[in-house]
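run_12.cif follows (mmCIF, C-alpha atoms and all ligand atoms):
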```
data_my_file
loop_
_atom_site.label_atom_id
_atom_site.label_comp_id
_atom_site.auth_asym_id
_atom_site.auth_seq_id
_atom_site.Cartn_x
_atom_site.Cartn_y
_atom_site.Cartn_z
CA MET A 1332 41.94 213.15 188.75
CA LEU A 1333 42.64 215.19 191.88
CA PRO A 1334 39.34 214.35 193.61
CA ALA A 1335 39.94 210.67 192.76
CA LEU A 1336 43.43 210.80 194.31
CA ALA A 1337 42.06 212.61 197.34
CA GLY A 1338 39.46 209.86 197.66
CA ILE A 1339 42.10 207.14 197.51
CA GLY A 1340 44.18 209.10 200.03
CA ALA A 1341 41.20 209.30 202.37
CA ILE A 1342 40.67 205.53 202.10
CA VAL A 1343 44.37 204.85 202.79
CA LEU A 1344 44.30 207.20 205.79
CA ALA A 1345 41.12 205.60 207.10
CA ALA A 1346 42.68 202.14 206.72
CA ALA A 1347 45.83 203.32 208.50
CA GLY A 1348 43.66 204.77 211.25
CA ALA A 1349 41.80 201.49 211.63
CA PHE A 1350 45.09 199.60 211.77
CA ALA A 1351 46.46 202.01 214.35
CA TRP A 1352 43.35 201.51 216.43
CA THR A 1353 43.54 197.72 216.39
CA ALA A 1354 47.30 197.85 217.02
CA GLY A 1355 46.59 199.96 220.09
CA TRP A 1356 48.60 203.03 219.05
CA ILE A 1357 48.33 205.72 221.65
CA GLY A 1358 50.42 208.41 219.99
CA SER A 1359 54.06 209.54 220.38
CA GLY A 1360 55.12 206.09 219.07
CA LEU A 1361 53.50 204.45 222.08
CA THR A 1362 51.29 201.40 222.01
CA ALA A 1363 49.17 199.78 224.71
CA GLN A 1364 51.49 196.78 224.49
CA ARG A 1365 54.61 198.83 225.21
CA MET A 1366 52.93 200.64 228.07
CA THR A 1367 51.72 197.37 229.58
CA ASP A 1368 55.18 195.80 229.15
CA ALA A 1369 56.74 198.74 231.00
CA ILE A 1370 54.23 198.51 233.85
CA GLU A 1371 54.88 194.76 234.14
CA ALA A 1372 58.62 195.33 234.30
CA THR A 1373 58.35 197.39 237.50
CA GLY A 1374 58.01 194.21 239.59
CA ALA A 1375 57.97 190.41 239.67
CA PRO A 1376 55.41 188.70 237.39
CA HIS A 1377 52.05 187.76 238.91
CA PRO A 1378 50.15 185.80 236.25
CA GLY A 1379 46.39 186.17 236.35
CA PHE A 1380 46.41 189.45 238.24
CA ARG A 1381 45.89 193.04 237.16
CA ARG A 1382 49.13 194.64 236.02
CA ALA A 1383 48.35 197.59 238.28
CA HIS A 1384 46.20 197.69 241.43
CA ALA A 1385 46.74 193.92 241.64
CA LYS A 1386 45.63 193.65 245.26
CA GLY A 1387 41.98 194.25 245.99
CA VAL A 1388 38.58 192.91 247.00
CA CYS A 1389 35.23 192.84 245.26
CA VAL A 1390 32.39 194.90 246.75
CA TYR A 1391 28.66 195.06 246.13
CA GLY A 1392 25.97 197.62 246.79
CA THR A 1393 23.63 200.23 245.38
CA PHE A 1394 23.84 203.75 244.00
CA ARG A 1395 20.88 205.92 244.98
CA SER A 1396 20.39 208.93 242.75
CA SER A 1397 19.48 212.28 244.32
CA GLY A 1398 17.90 213.39 241.04
CA ALA A 1399 19.98 216.59 241.06
CA ALA A 1400 22.43 215.46 238.35
CA ALA A 1401 19.61 214.90 235.84
CA ALA A 1402 19.92 218.62 235.07
CA LEU A 1403 23.50 218.00 233.86
CA SER A 1404 23.26 214.68 232.04
CA THR A 1405 20.65 212.44 230.48
CA ALA A 1406 22.44 209.37 231.90
CA ARG A 1407 19.81 206.99 233.18
CA VAL A 1408 21.80 206.44 236.38
CA PHE A 1409 20.90 209.98 237.50
CA VAL A 1410 17.18 209.39 236.96
CA GLN A 1411 16.65 205.83 238.10
CA ALA A 1412 16.15 205.74 241.89
CA GLN A 1413 18.52 202.84 242.53
CA THR A 1414 21.24 201.19 240.46
CA PRO A 1415 23.05 197.98 241.47
CA VAL A 1416 26.83 198.27 241.75
CA VAL A 1417 29.68 195.78 241.49
CA GLY A 1418 32.97 197.34 242.49
CA ARG A 1419 36.49 196.77 243.64
CA LEU A 1420 38.57 198.38 246.37
CA SER A 1421 42.30 198.11 245.83
CA ILE A 1422 45.73 199.55 246.47
CA ALA A 1423 48.10 200.77 243.78
CA GLY A 1424 50.97 198.52 242.73
CA GLY A 1425 51.45 195.29 240.84
CA ASP A 1426 51.90 192.90 243.79
CA PRO A 1427 48.72 191.01 244.73
CA LEU A 1428 50.24 190.21 248.13
CA GLY A 1429 51.79 193.64 248.75
CA ALA A 1430 51.58 195.07 252.28
CA ASP A 1431 48.70 197.53 252.65
CA ALA A 1432 50.76 199.78 254.90
CA LYS A 1433 53.35 200.32 252.16
CA ALA A 1434 50.81 201.64 249.66
CA ARG A 1435 49.72 205.23 250.08
CA VAL A 1436 47.21 205.16 247.20
CA ARG A 1437 43.83 203.54 247.79
CA SER A 1438 41.39 202.98 244.94
CA MET A 1439 37.77 202.34 244.10
CA ALA A 1440 36.38 200.98 240.83
CA LEU A 1441 32.66 200.80 240.09
CA LEU A 1442 30.38 199.27 237.48
CA LEU A 1443 26.83 200.64 237.55
CA ARG A 1444 24.30 198.94 235.28
CA THR A 1445 20.93 200.65 234.83
CA ASP A 1446 17.65 198.94 233.99
CA ASP A 1447 18.05 199.79 230.28
CA GLY A 1448 21.26 197.72 230.17
CA GLN A 1449 23.64 200.68 229.95
CA GLU A 1450 26.85 200.62 231.95
CA TRP A 1451 29.03 203.23 233.59
CA ARG A 1452 32.45 202.01 234.62
CA THR A 1453 34.89 204.15 236.54
CA ALA A 1454 38.22 203.63 238.33
CA MET A 1455 39.21 206.29 240.86
CA ASN A 1456 42.12 206.94 243.17
CA SER A 1457 42.67 208.63 246.52
CA PHE A 1458 44.89 211.35 245.08
CA PRO A 1459 43.28 214.67 244.10
CA PHE A 1460 45.03 214.98 240.72
CA PHE A 1461 47.22 212.78 238.51
CA PRO A 1462 51.04 213.07 238.58
CA VAL A 1463 51.30 213.77 234.83
CA ALA A 1464 49.23 215.07 231.93
CA THR A 1465 49.93 212.70 229.04
CA PRO A 1466 50.38 208.99 228.27
CA ALA A 1467 53.97 209.68 227.14
CA ALA A 1468 54.75 211.28 230.52
CA PHE A 1469 53.15 208.35 232.36
CA HIS A 1470 55.23 205.94 230.29
CA ALA A 1471 58.41 207.92 231.04
CA GLN A 1472 57.51 207.82 234.74
CA THR A 1473 56.99 204.05 234.60
CA LEU A 1474 60.38 203.56 232.93
CA ALA A 1475 62.09 205.87 235.45
CA ALA A 1476 60.55 203.94 238.36
CA ARG A 1477 61.76 200.57 237.06
CA PRO A 1478 64.01 198.96 239.71
CA ASP A 1479 67.73 198.91 238.92
CA PRO A 1480 68.76 195.19 239.00
CA SER A 1481 71.90 196.03 241.03
CA THR A 1482 70.06 197.80 243.88
CA GLY A 1483 66.47 196.57 243.54
CA LYS A 1484 65.39 200.23 243.71
CA ALA A 1485 64.63 202.93 241.18
CA ASP A 1486 67.69 204.83 239.99
CA PRO A 1487 67.54 208.32 241.61
CA ALA A 1488 69.27 209.86 238.57
CA LYS A 1489 66.55 208.52 236.25
CA LEU A 1490 63.82 209.78 238.57
CA ALA A 1491 65.47 213.22 238.68
CA ALA A 1492 65.76 213.32 234.87
CA PHE A 1493 62.08 212.40 234.59
CA ALA A 1494 61.03 215.19 237.01
CA GLU A 1495 63.18 217.65 235.07
CA LYS A 1496 61.40 216.77 231.82
CA TYR A 1497 57.90 216.64 233.33
CA PRO A 1498 57.95 219.28 236.09
CA GLU A 1499 54.19 218.91 236.67
CA VAL A 1500 55.08 215.82 238.74
CA LYS A 1501 56.59 218.02 241.47
CA LYS A 1502 53.11 219.14 242.52
CA PHE A 1503 52.13 215.51 242.97
CA GLN A 1504 55.34 214.73 244.85
CA ALA A 1505 54.59 217.60 247.27
CA TRP A 1506 51.08 216.22 247.83
CA ALA A 1507 52.43 212.67 248.35
CA ALA A 1508 55.04 213.90 250.84
CA SER A 1509 52.56 215.75 253.05
CA ALA A 1510 49.02 214.34 252.75
CA PRO A 1511 48.18 211.80 255.49
CA TRP A 1512 47.39 208.19 254.50
CA SER A 1513 43.91 206.95 255.37
CA ASP A 1514 43.57 203.99 257.75
CA SER A 1515 40.56 202.44 255.96
CA TRP A 1516 39.10 202.03 252.49
CA GLY A 1517 35.83 203.13 254.12
CA ASN A 1518 36.96 206.64 255.14
CA THR A 1519 38.84 207.48 251.93
CA GLU A 1520 37.79 209.90 249.21
CA TYR A 1521 38.16 208.58 245.66
CA ASN A 1522 38.61 210.99 242.74
CA GLY A 1523 38.00 210.39 239.07
CA VAL A 1524 40.56 213.13 238.16
CA ASN A 1525 39.83 212.96 234.40
CA ALA A 1526 37.18 215.36 233.07
CA PHE A 1527 34.16 214.02 231.16
CA ARG A 1528 31.54 215.73 228.97
CA PHE A 1529 28.03 215.71 230.41
CA THR A 1530 25.17 216.39 227.99
CA ALA A 1531 21.80 217.47 229.37
CA ALA A 1532 18.37 216.94 227.82
CA ASP A 1533 18.44 220.48 226.35
CA GLY A 1534 21.72 219.66 224.56
CA SER A 1535 23.92 221.79 226.84
CA VAL A 1536 27.38 220.35 227.48
CA ARG A 1537 29.50 220.76 230.58
CA HIS A 1538 32.81 219.31 231.65
CA VAL A 1539 32.62 217.44 234.93
CA ARG A 1540 34.92 215.56 237.31
CA TRP A 1541 33.49 213.19 239.92
CA SER A 1542 34.50 212.19 243.42
CA LEU A 1543 33.16 209.69 245.93
CA ARG A 1544 33.37 211.33 249.35
CA PRO A 1545 33.06 209.06 252.39
CA GLN A 1546 30.37 209.70 254.95
CA LEU A 1547 32.82 208.34 257.56
CA PRO A 1548 35.25 210.97 258.81
CA PHE A 1549 38.81 210.64 257.52
CA ALA A 1550 41.22 208.95 259.95
CA ALA A 1551 44.94 208.89 259.30
CA LEU A 1552 47.18 205.85 259.51
CA ASP A 1553 49.78 206.64 262.15
CA PRO A 1554 53.12 206.75 260.26
CA GLN A 1555 54.77 205.02 263.29
CA GLN A 1556 52.33 202.12 262.88
CA ARG A 1557 53.00 201.50 259.21
CA ASP A 1558 55.69 198.90 259.85
CA GLN A 1559 53.67 197.11 262.51
CA ALA A 1560 50.36 197.15 260.63
CA ASP A 1561 49.00 193.80 259.43
CA GLY A 1562 49.78 193.45 255.73
CA ASP A 1563 46.09 192.96 254.96
CA PHE A 1564 44.59 195.41 257.43
CA LEU A 1565 42.46 197.15 254.79
CA ALA A 1566 40.49 193.98 253.96
CA SER A 1567 40.02 193.00 257.62
CA ASP A 1568 38.97 196.55 258.53
CA LEU A 1569 36.48 196.51 255.64
CA ALA A 1570 35.00 193.18 256.71
CA ALA A 1571 34.65 194.38 260.32
CA ARG A 1572 32.96 197.64 259.27
CA LEU A 1573 30.56 195.92 256.85
CA ALA A 1574 29.59 193.41 259.54
CA GLN A 1575 28.36 196.42 261.56
CA SER A 1576 26.68 198.54 258.88
CA PRO A 1577 26.85 199.54 255.21
CA LEU A 1578 29.50 202.06 254.09
CA ARG A 1579 28.40 205.15 252.20
CA TRP A 1580 29.97 207.72 249.90
CA ASP A 1581 28.38 210.82 248.36
CA MET A 1582 28.99 211.24 244.66
CA ARG A 1583 29.93 214.86 244.04
CA LEU A 1584 30.12 216.24 240.51
CA THR A 1585 32.36 219.29 240.09
CA ILE A 1586 31.55 221.49 237.09
CA ALA A 1587 34.38 223.17 235.15
CA ALA A 1588 34.37 226.94 234.70
CA PRO A 1589 35.02 228.09 231.11
CA ASP A 1590 38.82 228.45 231.52
CA ASP A 1591 39.47 225.36 233.61
CA PRO A 1592 41.75 222.73 232.04
CA VAL A 1593 39.54 219.87 230.87
CA ASN A 1594 42.23 217.84 229.10
CA ASP A 1595 44.83 217.71 231.87
CA ALA A 1596 44.23 215.49 234.91
CA SER A 1597 47.39 216.79 236.59
CA ARG A 1598 45.76 220.19 237.18
CA ALA A 1599 43.11 220.38 239.91
CA TRP A 1600 40.25 222.85 239.57
CA PRO A 1601 39.75 225.52 242.24
CA ASP A 1602 37.82 224.35 245.32
CA GLU A 1603 35.06 226.91 244.86
CA ARG A 1604 33.76 225.37 241.63
CA GLU A 1605 30.04 224.53 241.55
CA GLN A 1606 29.29 221.04 242.85
CA VAL A 1607 26.25 218.82 242.49
CA LEU A 1608 25.47 215.93 244.82
CA ALA A 1609 24.46 213.23 242.33
CA GLY A 1610 23.57 210.56 244.87
CA THR A 1611 24.94 208.13 247.41
CA LEU A 1612 26.84 204.90 246.97
CA GLU A 1613 26.12 202.29 249.61
CA LEU A 1614 28.34 199.21 249.87
CA VAL A 1615 26.98 196.28 251.84
CA ARG A 1616 29.23 193.29 251.07
CA ALA A 1617 32.81 192.41 250.21
CA GLU A 1618 34.26 189.21 248.78
CA PRO A 1619 37.80 188.03 247.88
CA GLN A 1620 38.60 188.85 244.27
CA ALA A 1621 39.59 185.23 243.56
CA THR A 1622 35.93 184.21 243.80
CA GLY A 1623 34.15 187.55 243.33
CA ALA A 1624 32.47 189.06 240.30
CA CYS A 1625 35.03 191.89 240.00
CA ARG A 1626 37.92 189.60 239.07
CA ASP A 1627 36.87 189.35 235.44
CA ILE A 1628 35.74 192.93 234.99
CA ASN A 1629 37.77 195.51 233.09
CA PHE A 1630 36.92 198.84 234.73
CA ASP A 1631 37.57 200.64 231.45
CA PRO A 1632 36.98 204.39 232.02
CA LEU A 1633 35.54 204.75 228.51
CA ILE A 1634 32.57 202.45 229.08
CA LEU A 1635 30.07 205.23 229.60
CA PRO A 1636 26.30 205.61 229.37
CA ALA A 1637 24.57 207.98 226.94
CA GLY A 1638 24.77 211.45 228.51
CA ILE A 1639 28.40 211.04 229.64
CA ALA A 1640 31.25 211.07 227.10
CA ALA A 1641 35.04 211.29 227.12
CA SER A 1642 36.71 214.71 227.21
CA ASP A 1643 39.81 215.51 225.16
CA ASP A 1644 42.01 214.31 228.02
CA PRO A 1645 44.58 212.05 226.25
CA LEU A 1646 44.92 209.82 229.32
CA LEU A 1647 41.45 208.40 228.76
CA ALA A 1648 42.09 206.65 225.44
CA ALA A 1649 45.44 205.39 226.74
CA ARG A 1650 43.84 204.02 229.89
CA SER A 1651 41.16 202.27 227.88
CA ALA A 1652 43.71 200.65 225.56
CA VAL A 1653 46.13 199.64 228.35
CA TYR A 1654 43.42 198.25 230.64
CA ALA A 1655 42.16 196.08 227.76
CA HIS A 1656 45.68 194.80 227.23
CA SER A 1657 46.19 194.06 230.92
CA PHE A 1658 42.75 192.43 231.05
CA ASN A 1659 43.47 190.22 228.04
CA ARG A 1660 46.80 189.10 229.47
CA ARG A 1661 45.41 188.19 232.88
CA GLU A 1662 42.35 186.43 231.47
CA ARG A 1663 44.52 184.43 229.08
CA GLU A 1664 46.75 183.38 231.97
CA ILE A 1665 43.72 182.34 234.02
CA ALA A 1666 42.32 180.38 231.08
CA HIS A 1667 45.66 178.60 230.62
CA GLY A 1668 45.83 177.74 234.31
CA LYS A 1669 48.94 179.81 234.95
CA ALA A 1670 47.34 181.94 237.60
CA ALA A 1671 47.58 181.25 241.30
CA GLN A 1672 44.24 182.95 241.83
CA ALA A 1673 42.45 180.59 239.43
CA THR A 1674 43.05 177.78 241.94
CA GLY A 1675 42.56 179.96 245.00
CA GLU A 1676 46.21 179.54 245.96
CA GLY A 1677 47.66 182.90 246.94
CA ALA A 1678 44.25 184.47 246.57
CA VAL A 1679 44.06 188.00 247.79
CA ARG A 1680 42.40 187.97 251.15
C1 LIG A 1701 47.98 206.51 231.27
C2 LIG A 1701 47.58 206.42 232.53
C3 LIG A 1701 47.26 205.10 233.20
C4 LIG A 1701 47.68 203.84 232.91
C5 LIG A 1701 48.64 203.40 231.81
C6 LIG A 1701 47.05 202.94 233.85
C7 LIG A 1701 47.22 201.55 233.88
C8 LIG A 1701 46.44 200.66 234.59
C9 LIG A 1701 46.40 199.22 234.42
C10 LIG A 1701 47.29 198.40 233.48
C11 LIG A 1701 45.47 198.71 235.26
C12 LIG A 1701 45.02 197.24 235.41
C13 LIG A 1701 43.79 197.02 234.50
C14 LIG A 1701 43.22 195.62 234.55
O1 LIG A 1701 43.95 194.62 234.42
O2 LIG A 1701 41.97 195.48 234.68
C15 LIG A 1701 44.92 199.83 235.98
C16 LIG A 1701 43.97 199.73 236.96
C17 LIG A 1701 43.48 200.81 237.65
N1 LIG A 1701 43.74 202.14 237.42
FE1 LIG A 1701 44.96 202.91 236.06
N2 LIG A 1701 46.25 203.66 234.69
C18 LIG A 1701 46.34 204.99 234.32
C19 LIG A 1701 45.71 206.06 234.90
C20 LIG A 1701 44.82 205.98 235.93
C21 LIG A 1701 44.08 207.07 236.50
C22 LIG A 1701 44.12 208.53 236.00
C23 LIG A 1701 43.32 206.55 237.49
C24 LIG A 1701 42.32 207.22 238.41
C25 LIG A 1701 42.45 208.38 238.98
C26 LIG A 1701 43.55 205.14 237.55
C27 LIG A 1701 42.96 204.25 238.42
C28 LIG A 1701 43.03 202.88 238.33
C29 LIG A 1701 42.31 201.99 239.21
C30 LIG A 1701 41.41 202.37 240.39
C31 LIG A 1701 42.59 200.70 238.78
C32 LIG A 1701 42.06 199.38 239.37
C33 LIG A 1701 40.74 199.07 238.67
C34 LIG A 1701 40.21 197.73 239.11
O3 LIG A 1701 39.93 197.57 240.31
O4 LIG A 1701 40.08 196.85 238.24
N3 LIG A 1701 44.47 204.81 236.59
N4 LIG A 1701 45.52 201.01 235.57
#
```
Encoded form (structure tokens):
Amino acid sequence: MLPALAGIGAIVLAAAGAFAWTAGWIGSGLTAQRMTDAIEATGAPHPGFRRAHAKGVCVYGTFRSSGAAAALSTARVFVQAQTPVVGRLSIAGGDPLGADAKARVRSMALLLRTDDGQEWRTAMNSFPFFPVATPAAFHAQTLAARPDPSTGKADPAKLAAFAEKYPEVKKFQAWAASAPWSDSWGNTEYNGVNAFRFTAADGSVRHVRWSLRPQLPFAALDPQQRDQADGDFLASDLAARLAQSPLRWDMRLTIAAPDDPVNDASRAWPDEREQVLAGTLELVRAEPQATGACRDINFDPLILPAGIAASDDPLLAARSAVYAHSFNRREREIAHGKAAQATGEGAVR
């Protein structure tokens, strides 16, 4: 009797698990839908656009493997000499026409497809670590940042209460207050921040974070110039640079030491950790997202090739679920003709 009941219990639990998965449950009572709703509510609606990082351009190029990362992972991308890349450079925020000079965070998303049909998708940011450790904390931050209808700005009391509850954010606030803003997508470093599990041919597993480090030297945007800067200076700068020559970034893999946090993207690893230069990304062409291949791509961080797998970082599953939700909403809006960018009107330059 008892084994039979246990069996039925297991089936019920499995069914509940499957339901939770399709419903997009993230944990702590959160769903992808609620998280997406909260992100949407931080600004005016922009049908057809990404709910975050709405402003961006598509980019195209090649990843050239150095061969060195093949010792860490069996992923084909580290063996194959060259892999074509479709990517997207963007700024954070939900406004597809937002002023570049008002956005301190710059971003790079990449889709690498190897000759065996496997894909590696990644979305990285210019900050060195994430503000918070968990989806619940990110959701709380999104709610705290929601503009108060009477002032049009976030309520300082709500922001203070959020920082009190999630003190890890203070480290990020200190970084944001002091680190200079780059003046180009081309001279910015992009960091994956989440750890991933790399499995080598001998079965050994290591936790790794990746970064794309520009070969151009960093140049800061003069804070005095921010108000005068053209609202779309990042796209025009990119076009001017690509007209001269390709832009390149080195992909550096940083390997965790045994006690490093591998499930918490808000905690950076010490600078002296072992690094491997996996190869070089070369971008040769940019195109407006309204007409480019990146518009209809979901840069889901859990689309990974064999040899790279998710870590226990809870942000990863939440990101995957929320990106899918955002993707489905914007694609539905485009299909129903509600989107300005479907007609080219208001297309991001
Ligand atoms: C729980 C945490 C996070 C949530 C809820 C979230 C939410 C979102 C959403 C809704 C989108 C738009 C997706 C689409 O419509 O295609 C997005 C895009 C993006 N996110 Fe996140 N995000 C999170 C964490 C992160 C982290 C840790 C990074 C990287 C360090 C990151 C980098 C990006 C980038 C670069 C894009 C733009 C990708 C593209 O060009 O399509 N996000 N995020």
Next on the checklist: How would you report the residues lying within 7 Å of ligand LIG 1701 (chain A), as a PyMOL selection string, if you count only C-alpha atoms and all ligand atoms?
Outcome noted: chain A and resi 1366-1367+1370+1380-1384+1387+1419-1421+1438-1440+1454-1456+1461+1465-1466+1469+1522-1525+1628-1630+1646+1649-1650+1653-1655+1657-1658+1661
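Reported to one decimal place, the separation of atom CA of A:Ala1617 from atom CA of A:Ala1385 is 16.4 Å.
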Given only C-alpha atoms, how would the per-residue table for stretch 1373-1420 of chain A near stretch 1563-1586 of chain A read, listing every residue at most 12 Å away with its closest atom pair and distance in Å to one decimal, sorted by chain and number, as JSON lines?
```
{"residue": "A:Lys1386", "atom": "CA", "partner": "A:Asp1563", "partner_atom": "CA", "distance": 9.7}
{"residue": "A:Gly1387", "atom": "CA", "partner": "A:Ala1566", "partner_atom": "CA", "distance": 8.1}
{"residue": "A:Val1388", "atom": "CA", "partner": "A:Ala1566", "partner_atom": "CA", "distance": 7.3}
{"residue": "A:Cys1389", "atom": "CA", "partner": "A:Ala1566", "partner_atom": "CA", "distance": 10.2}
{"residue": "A:Val1390", "atom": "CA", "partner": "A:Leu1569", "partner_atom": "CA", "distance": 9.9}
{"residue": "A:Tyr1391", "atom": "CA", "partner": "A:Pro1577", "partner_atom": "CA", "distance": 10.3}
{"residue": "A:Gly1392", "atom": "CA", "partner": "A:Pro1577", "partner_atom": "CA", "distance": 8.7}
{"residue": "A:Thr1393", "atom": "CA", "partner": "A:Arg1579", "partner_atom": "CA", "distance": 9.7}
{"residue": "A:Phe1394", "atom": "CA", "partner": "A:Met1582", "partner_atom": "CA", "distance": 9.1}
{"residue": "A:Arg1395", "atom": "CA", "partner": "A:Asp1581", "partner_atom": "CA", "distance": 9.6}
{"residue": "A:Ser1396", "atom": "CA", "partner": "A:Met1582", "partner_atom": "CA", "distance": 9.1}
{"residue": "A:Ser1397", "atom": "CA", "partner": "A:Met1582", "partner_atom": "CA", "distance": 9.6}
{"residue": "A:Gly1398", "atom": "CA", "partner": "A:Met1582", "partner_atom": "CA", "distance": 11.9}
{"residue": "A:Ala1399", "atom": "CA", "partner": "A:Leu1584", "partner_atom": "CA", "distance": 10.2}
{"residue": "A:Ala1400", "atom": "CA", "partner": "A:Leu1584", "partner_atom": "CA", "distance": 8.0}
{"residue": "A:Ala1401", "atom": "CA", "partner": "A:Leu1584", "partner_atom": "CA", "distance": 11.6}
{"residue": "A:Ala1402", "atom": "CA", "partner": "A:Leu1584", "partner_atom": "CA", "distance": 11.8}
{"residue": "A:Leu1403", "atom": "CA", "partner": "A:Ile1586", "partner_atom": "CA", "distance": 9.3}
{"residue": "A:Ser1404", "atom": "CA", "partner": "A:Leu1584", "partner_atom": "CA", "distance": 11.0}
{"residue": "A:Val1408", "atom": "CA", "partner": "A:Met1582", "partner_atom": "CA", "distance": 12.0}
{"residue": "A:Phe1409", "atom": "CA", "partner": "A:Met1582", "partner_atom": "CA", "distance": 10.9}
{"residue": "A:Arg1419", "atom": "CA", "partner": "A:Ala1566", "partner_atom": "CA", "distance": 11.4}
{"residue": "A:Leu1420", "atom": "CA", "partner": "A:Ala1566", "partner_atom": "CA", "distance": 9.0}
```
Checklist entry - Which polymer residues have any atom within 12 Å of an atom of A:Val1463, counting all atoms listed in the file, with same-chain residues fewer than 6 positions away left out, as a list in words? => result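 So the residues in contact are Phe1469, His1470, Ala1471, Gln1472, Thr1473, Phe1493, Ala1494, Lys1496, Tyr1497, Pro1498, Glu1499, Val1500, Lys1501, Lys1502, Phe1503, Gln1504, Val1524, Asn1525, Asn1594, Asp1595, Ala1596, Ser1597, Arg1598, Ala1599, Asp1644, Pro1645 and Leu1646 of chain A.
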Just the selected residues (C-alpha atoms), exported as a compact mmCIF listing (two decimals), in the coordinates of the input, please.
```txt
# COMPACT_ATOMS: atom_id res chain seq x y z
CA PHE A 1469 53.15 208.35 232.36
CA HIS A 1470 55.23 205.94 230.29
CA ALA A 1471 58.41 207.92 231.04
CA GLN A 1472 57.51 207.82 234.74
CA THR A 1473 56.99 204.05 234.60
CA PHE A 1493 62.08 212.40 234.59
CA ALA A 1494 61.03 215.19 237.01
CA LYS A 1496 61.40 216.77 231.82
CA TYR A 1497 57.90 216.64 233.33
CA PRO A 1498 57.95 219.28 236.09
CA GLU A 1499 54.19 218.91 236.67
CA VAL A 1500 55.08 215.82 238.74
CA LYS A 1501 56.59 218.02 241.47
CA LYS A 1502 53.11 219.14 242.52
CA PHE A 1503 52.13 215.51 242.97
CA GLN A 1504 55.34 214.73 244.85
CA VAL A 1524 40.56 213.13 238.16
CA ASN A 1525 39.83 212.96 234.40
CA ASN A 1594 42.23 217.84 229.10
CA ASP A 1595 44.83 217.71 231.87
CA ALA A 1596 44.23 215.49 234.91
CA SER A 1597 47.39 216.79 236.59
CA ARG A 1598 45.76 220.19 237.18
CA ALA A 1599 43.11 220.38 239.91
CA ASP A 1644 42.01 214.31 228.02
CA PRO A 1645 44.58 212.05 226.25
CA LEU A 1646 44.92 209.82 229.32
```
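Atom CA of A:Thr1414 is found 6.4 Å from atom CA of A:Arg1444.
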Checklist entry - Which one of A:Ala1531, A:Val1417, A:Ala1488, A:Ala1434 sits closest to A:Ser1457 if you count only C-alpha atoms? => result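 Going through A:Ala1531, A:Val1417, A:Ala1488, A:Ala1434 one by one, the smallest distance to A:Ser1457 is for A:Ala1434.
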Checklist entry - Can you tell me how far atom CA of A:Phe1527 sits from atom CA of A:Glu1495, in Å to one decimal? => result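 Going from atom CA of A:Phe1527 over to atom CA of A:Glu1495, I get 29.5 Å.
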Checklist entry - So which one's closest to A:Asp1431, A:Glu1664, A:Asp1627, A:Asp1590, A:Asp1558? Using only C-alpha atoms, please. => result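 Of A:Glu1664, A:Asp1627, A:Asp1590, A:Asp1558, the one nearest A:Asp1431, counting only C-alpha atoms, is A:Asp1558.
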Next on the checklist: List the spatial neighbours of A:Arg1604 as a list in words - criterion: any atom at most 9 Å away, all atoms listed in the file, same-chain residues fewer than 2 positions off excluded.
Outcome noted: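 What passes the distance filter is Thr1585, Ile1586, Ala1587, Ala1588, Trp1600, Pro1601, Asp1602 and Gln1606 of chain A.
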Item to check | Close residues, A:Gly1638 itself excluded, 9 Å, all atoms listed in the file, min 6 positions apart in chain, as a VMD selection string | outcome: chain A and resid 1403 to 1407 1528 to 1532
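If all atoms listed in the file are the atoms counted, then among A:Gly1448, A:Gly1379, A:Pro1462, A:Pro1511 the closest residue to A:Arg1626 is A:Gly1379.
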Write out N, CA and C atoms for stretch 1488-1496 of chain A, as a compact mmCIF listing (two decimals), in the frame of the given file.
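Wrote it out as result.txt, contents follow:
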```txt
# COMPACT_ATOMS: atom_id res chain seq x y z
N ALA A 1488 68.91 208.97 239.69
CA ALA A 1488 69.27 209.86 238.57
C ALA A 1488 68.18 209.82 237.50
N LYS A 1489 67.62 208.63 237.27
CA LYS A 1489 66.55 208.52 236.25
C LYS A 1489 65.29 209.23 236.74
N LEU A 1490 65.00 209.10 238.03
CA LEU A 1490 63.82 209.78 238.57
C LEU A 1490 63.99 211.30 238.48
N ALA A 1491 65.21 211.77 238.74
CA ALA A 1491 65.47 213.22 238.68
C ALA A 1491 65.34 213.71 237.24
N ALA A 1492 65.85 212.92 236.29
CA ALA A 1492 65.76 213.32 234.87
C ALA A 1492 64.30 213.36 234.43
N PHE A 1493 63.51 212.40 234.93
CA PHE A 1493 62.08 212.40 234.59
C PHE A 1493 61.40 213.66 235.14
N ALA A 1494 61.68 214.01 236.39
CA ALA A 1494 61.03 215.19 237.01
C ALA A 1494 61.46 216.48 236.32
N GLU A 1495 62.68 216.47 235.81
CA GLU A 1495 63.18 217.65 235.07
C GLU A 1495 62.38 217.83 233.78
N LYS A 1496 62.11 216.70 233.11
CA LYS A 1496 61.40 216.77 231.82
C LYS A 1496 59.91 217.02 232.00
```
